Amino acid sequence: MYLKTLRLNNYRNFLKLSINFTPNLNIFIGDNAQGKTNLLEALYLIIRGNSYRTKNDQELISWSNKSTCLYGEINKDEENFQINLSLEKKLESFNKFKLIKTIKINQNIQSKSILNKEFKGVVFSPEHLQIIKGAPSIRRKFLNEQISQIYPLYYRHLTDYYRILGQRNNILKKEINQRGLRERLLIWDPQLIEKGSFLILTRIRFLKKINYLADKFHQKITKGKENLKIIYQSNILKDQQENISFISKAFEDKIKEHKEKEIKYKISLFGPHRDDFLVCINEFNIASYGSQGQQRTSVLSLKLAELELIKEREGVYPIFLLDDVMSELDEERRHFLLELIMDKKVQTFITSISLDYFNSNIKEKSKISKIEGGKIFAL
């Protein structure tokens, strides 16, 4: 799978852009704040239907404009797909706008879920170091996004789970009558347990697979000196049981045991919405004890493992987006990454402030462009 063409109109600082790509390595050089990250974001938007940087789609429309249009042509399994995505601000009432998003595949209006099913992408940016160092919510977001991309059923259960969780929390916060509160919880608890248990089981299985692949990459990068291990931290399970009945029973018991506590604090205290995972090297938690180099290598290994999992599931590699990560890696790790990309023939887009990070062999095999002030020039 590879992107052939991208056209933008009024997208962030790109007022008008049309560019073709190579199926292999595409390098974009430029100073900060020229549009490098905006370009990768646009590519991701075409592939996945949403930004990896913001939840507010209005930010994607260039200043003072009311709409933006994106067009991309993707080749998958020797078949060409034309993707049109538009965002338009419609005036609803005085000074209040509603944003309309329209996605078309080969001129037919489609949902974001259909786009997600057809096309895959993996992003690696400096912000992803927070997967190791950041709050548990960042790791849960990473898990949810990556599993949803590979297993669409997970996304449906995740959406249902948070809807049920919202209803349950609303009851805990607002129901004054104790008897009424307990009766209403009896309605929602089984649904929360059913959906939540599926999420926990899928996360355990996913982390087991990604751990195996990430550890292999990590050992290659560190020349066998370090072993990487991912440990799922459930607030329900003591052991990582891959049995849905066992998980459901443990979830049910936990809720029953702490029901009074939840009523007191007026919030759901247990479930996958509070789970986490640790990344360890040679048995040490690298969030606390790892060097910056180890943390970067671990995230890189996770991202490479994502590529392989998607390839295993889909039969083709996803599109790989590397946003200004060359400066985050030392020379040996940069060389490993670039050689791996070239060997696997993964269509890759890399942004960087300098060409010095790339050797002559890589440059000869790549399409190199310069981004300056929202415009792109061939080099």
# chains A, B, ... in the order shown; residues from 1 in each chain; ligands from 1
$ residues_around --residues "stretch 94-111 of chain A" --least-positions-apart "6" --cutoff "12 Å" --atoms "only C-alpha atoms" --output "PyMOL selection string"
chain A and resi 45-50+56-61+66-74+79-88+117-119
$ write_last_selection --atoms "N, CA, C and O atoms" --output "short mmCIF file (atom, residue, chain, number, x, y, z; two decimals), in the first residue's frame"
data_model
loop_
_atom_site.label_atom_id
_atom_site.label_comp_id
_atom_site.auth_asym_id
_atom_site.auth_seq_id
_atom_site.Cartn_x
_atom_site.Cartn_y
_atom_site.Cartn_z
N LEU A 45 -4.48 12.12 7.89
CA LEU A 45 -5.90 12.43 7.78
C LEU A 45 -6.52 11.73 6.57
O LEU A 45 -7.64 11.20 6.65
N ILE A 46 -5.81 11.71 5.47
CA ILE A 46 -6.29 11.03 4.27
C ILE A 46 -6.42 9.53 4.51
O ILE A 46 -7.37 8.88 4.07
N ILE A 47 -5.46 8.97 5.25
CA ILE A 47 -5.45 7.52 5.50
C ILE A 47 -6.48 7.11 6.54
O ILE A 47 -7.19 6.12 6.39
N ARG A 48 -6.59 7.91 7.62
CA ARG A 48 -7.35 7.48 8.80
C ARG A 48 -8.60 8.31 9.09
O ARG A 48 -9.44 7.92 9.89
N GLY A 49 -8.70 9.50 8.47
CA GLY A 49 -9.91 10.30 8.66
C GLY A 49 -9.90 11.21 9.87
O GLY A 49 -10.87 11.92 10.14
N ASN A 50 -8.78 11.22 10.62
CA ASN A 50 -8.66 12.12 11.77
C ASN A 50 -7.20 12.52 11.95
O ASN A 50 -6.29 11.87 11.44
N ASN A 56 -9.75 18.73 17.64
CA ASN A 56 -10.55 19.83 17.10
C ASN A 56 -10.25 20.01 15.62
O ASN A 56 -9.26 20.64 15.23
N ASP A 57 -11.12 19.48 14.77
CA ASP A 57 -10.89 19.54 13.33
C ASP A 57 -10.90 20.96 12.77
O ASP A 57 -10.36 21.21 11.68
N GLN A 58 -11.50 21.90 13.49
CA GLN A 58 -11.52 23.29 13.00
C GLN A 58 -10.11 23.86 12.89
O GLN A 58 -9.85 24.74 12.08
N GLU A 59 -9.18 23.35 13.71
CA GLU A 59 -7.80 23.82 13.65
C GLU A 59 -7.13 23.49 12.32
O GLU A 59 -6.11 24.09 11.97
N LEU A 60 -7.67 22.53 11.58
CA LEU A 60 -7.06 22.09 10.33
C LEU A 60 -7.34 23.05 9.17
O LEU A 60 -6.63 23.03 8.17
N ILE A 61 -8.37 23.87 9.32
CA ILE A 61 -8.72 24.83 8.27
C ILE A 61 -7.83 26.06 8.41
O ILE A 61 -7.69 26.62 9.49
N LYS A 66 -13.23 29.09 5.55
CA LYS A 66 -14.36 28.35 6.12
C LYS A 66 -14.35 26.87 5.76
O LYS A 66 -15.20 26.11 6.25
N SER A 67 -13.40 26.45 4.93
CA SER A 67 -13.37 25.05 4.54
C SER A 67 -11.97 24.65 4.11
O SER A 67 -11.13 25.50 3.78
N THR A 68 -11.73 23.36 4.13
CA THR A 68 -10.50 22.79 3.59
C THR A 68 -10.83 21.51 2.83
O THR A 68 -11.78 20.81 3.19
N CYS A 69 -10.07 21.24 1.79
CA CYS A 69 -10.28 20.04 0.98
C CYS A 69 -8.96 19.30 0.83
O CYS A 69 -7.92 19.91 0.56
N LEU A 70 -9.01 17.99 0.98
CA LEU A 70 -7.84 17.15 0.80
C LEU A 70 -8.18 16.06 -0.21
O LEU A 70 -9.29 15.51 -0.20
N TYR A 71 -7.21 15.75 -1.06
CA TYR A 71 -7.37 14.67 -2.03
C TYR A 71 -6.13 13.80 -2.00
O TYR A 71 -5.00 14.31 -1.99
N GLY A 72 -6.34 12.51 -1.95
CA GLY A 72 -5.22 11.59 -1.99
C GLY A 72 -5.53 10.40 -2.87
O GLY A 72 -6.68 9.94 -2.93
N GLU A 73 -4.52 9.91 -3.56
CA GLU A 73 -4.68 8.70 -4.37
C GLU A 73 -3.80 7.62 -3.77
O GLU A 73 -2.59 7.80 -3.60
N ILE A 74 -4.41 6.50 -3.43
CA ILE A 74 -3.72 5.40 -2.75
C ILE A 74 -3.78 4.14 -3.61
O ILE A 74 -4.84 3.80 -4.15
N GLU A 79 -4.70 -1.82 -6.89
CA GLU A 79 -5.93 -1.09 -7.18
C GLU A 79 -5.80 0.33 -6.65
O GLU A 79 -5.32 0.56 -5.54
N ASN A 80 -6.25 1.30 -7.46
CA ASN A 80 -6.16 2.71 -7.07
C ASN A 80 -7.45 3.16 -6.40
O ASN A 80 -8.56 2.86 -6.87
N PHE A 81 -7.28 3.89 -5.30
CA PHE A 81 -8.40 4.47 -4.57
C PHE A 81 -8.22 5.99 -4.51
O PHE A 81 -7.13 6.48 -4.20
N GLN A 82 -9.30 6.70 -4.81
CA GLN A 82 -9.28 8.16 -4.72
C GLN A 82 -10.03 8.58 -3.45
O GLN A 82 -11.20 8.24 -3.27
N ILE A 83 -9.32 9.29 -2.59
CA ILE A 83 -9.89 9.72 -1.31
C ILE A 83 -10.10 11.24 -1.34
O ILE A 83 -9.16 12.00 -1.59
N ASN A 84 -11.32 11.67 -1.10
CA ASN A 84 -11.62 13.09 -0.94
C ASN A 84 -12.13 13.32 0.47
O ASN A 84 -13.04 12.63 0.92
N LEU A 85 -11.54 14.28 1.16
CA LEU A 85 -11.99 14.62 2.51
C LEU A 85 -12.14 16.14 2.61
O LEU A 85 -11.22 16.88 2.26
N SER A 86 -13.30 16.57 3.05
CA SER A 86 -13.54 18.00 3.19
C SER A 86 -14.05 18.33 4.58
O SER A 86 -14.76 17.54 5.21
N LEU A 87 -13.68 19.50 5.06
CA LEU A 87 -14.18 20.05 6.31
C LEU A 87 -14.75 21.43 6.02
O LEU A 87 -14.07 22.28 5.44
N GLU A 88 -15.99 21.64 6.42
CA GLU A 88 -16.65 22.91 6.11
C GLU A 88 -17.38 23.43 7.34
O GLU A 88 -18.15 22.70 7.97
N LYS A 117 -11.00 0.87 7.93
CA LYS A 117 -10.91 -0.56 7.59
C LYS A 117 -10.01 -0.79 6.39
O LYS A 117 -9.27 -1.78 6.34
N GLU A 118 -10.03 0.13 5.44
CA GLU A 118 -9.29 -0.05 4.19
C GLU A 118 -7.82 0.34 4.31
O GLU A 118 -6.95 -0.31 3.73
N PHE A 119 -7.53 1.42 5.05
CA PHE A 119 -6.18 1.99 5.01
C PHE A 119 -5.58 2.11 6.41
O PHE A 119 -6.28 2.44 7.37
#
$ select_by_dssp --residues "stretch 71-291 of chain A" --states "alpha helix (DSSP H)" --output "JSON, numbers by chain"
{"A": [112, 113, 114, 115, 116, 117, 118, 130, 131, 132, 133, 136, 137, 138, 139, 140, 141, 142, 143, 144, 145, 146, 147, 148, 149, 150, 152, 153, 154, 155, 156, 157, 158, 159, 160, 161, 162, 163, 164, 165, 166, 167, 168, 169, 170, 171, 172, 173, 174, 178, 179, 180, 181, 182, 183, 184, 185, 186, 187, 188, 189, 190, 191, 192, 193, 194, 195, 196, 197, 198, 199, 200, 201, 202, 203, 204, 205, 206, 207, 208, 209, 210, 211, 212, 213, 214, 215, 216, 217, 218, 219, 220, 221, 244, 245, 246, 247, 248, 249, 250, 251, 252, 253, 254, 255, 256, 257, 259, 260, 261, 262, 263, 264, 265, 286, 287, 288, 289]}
$ residues_around --residues "stretch 185-191 of chain A" --least-positions-apart "2" --cutoff "9 Å" --atoms "only C-alpha atoms" --output "list in words"
Tyr161, Ile164, Leu165, Gln167, Arg168, Ile171, Leu172, Gly180, Leu181, Arg182, Glu183, Ile193, Glu194, Lys195, Gly196, Glu252 and Ile255 of chain A
$ atom_distance --atom1 "atom CA of A:Tyr11" --atom2 "atom CA of A:Lys55"
15.5 Å
$ residues_around --residues "A:Tyr265" --least-positions-apart "6" --cutoff "12 Å" --atoms "only C-alpha atoms" --output "list in words"
Asn169, Leu172, Lys173, Lys174, His258 and Lys259 of chain A
$ closest_residue --among "A:Arg139, A:Thr348, A:Ile176, A:Gln34" --to "A:Tyr317" --atoms "only C-alpha atoms"
A:Thr348
$ closest_residue --among "A:Ile341, A:Leu228, A:Ile310, A:Leu355" --to "A:Ile368" --atoms "only C-alpha atoms"
A:Leu355
$ residues_around --residues "stretch 274-282 of chain A" --least-positions-apart "6" --cutoff "10 Å" --atoms "only C-alpha atoms" --output "ChimeraX atom specification"
/A:131-133,135-140,143,200,207,211,215,218,225-236,268,288-290,294-295,298-299
$ residues_around --residues "A:Thr202" --least-positions-apart "5" --cutoff "9 Å" --atoms "only C-alpha atoms" --output "ChimeraX atom specification"
/A:147,154,197,207,242
$ select_by_dssp --residues "stretch 57-274 of chain A" --states "strand (DSSP E or B)" --output "VMD selection string"
chain A and resid 61 67 to 76 79 to 93 96 to 105 108 to 110 121 to 124 228 to 233
$ closest_residue --among "A:Leu201, A:Leu8, A:Ala33, A:Leu340" --to "A:Ser245" --atoms "only C-alpha atoms"
A:Leu201
$ atom_distance --atom1 "atom CA of A:Leu17" --atom2 "atom CA of A:Gly374"
8.4 Å
$ closest_residue --among "A:Thr222, A:Asn361, A:Asn144, A:Ser354" --to "A:Gly293" --atoms "only C-alpha atoms"
A:Thr222
$ residues_around --residues "A:Lys36" --least-positions-apart "6" --cutoff "7 Å" --atoms "only C-alpha atoms" --output "PyMOL selection string"
chain A and resi 28+30+351+371
$ closest_residue --among "A:Leu15, A:Leu40, A:Asn26, A:His273" --to "A:Lys141" --atoms "only C-alpha atoms"
A:His273
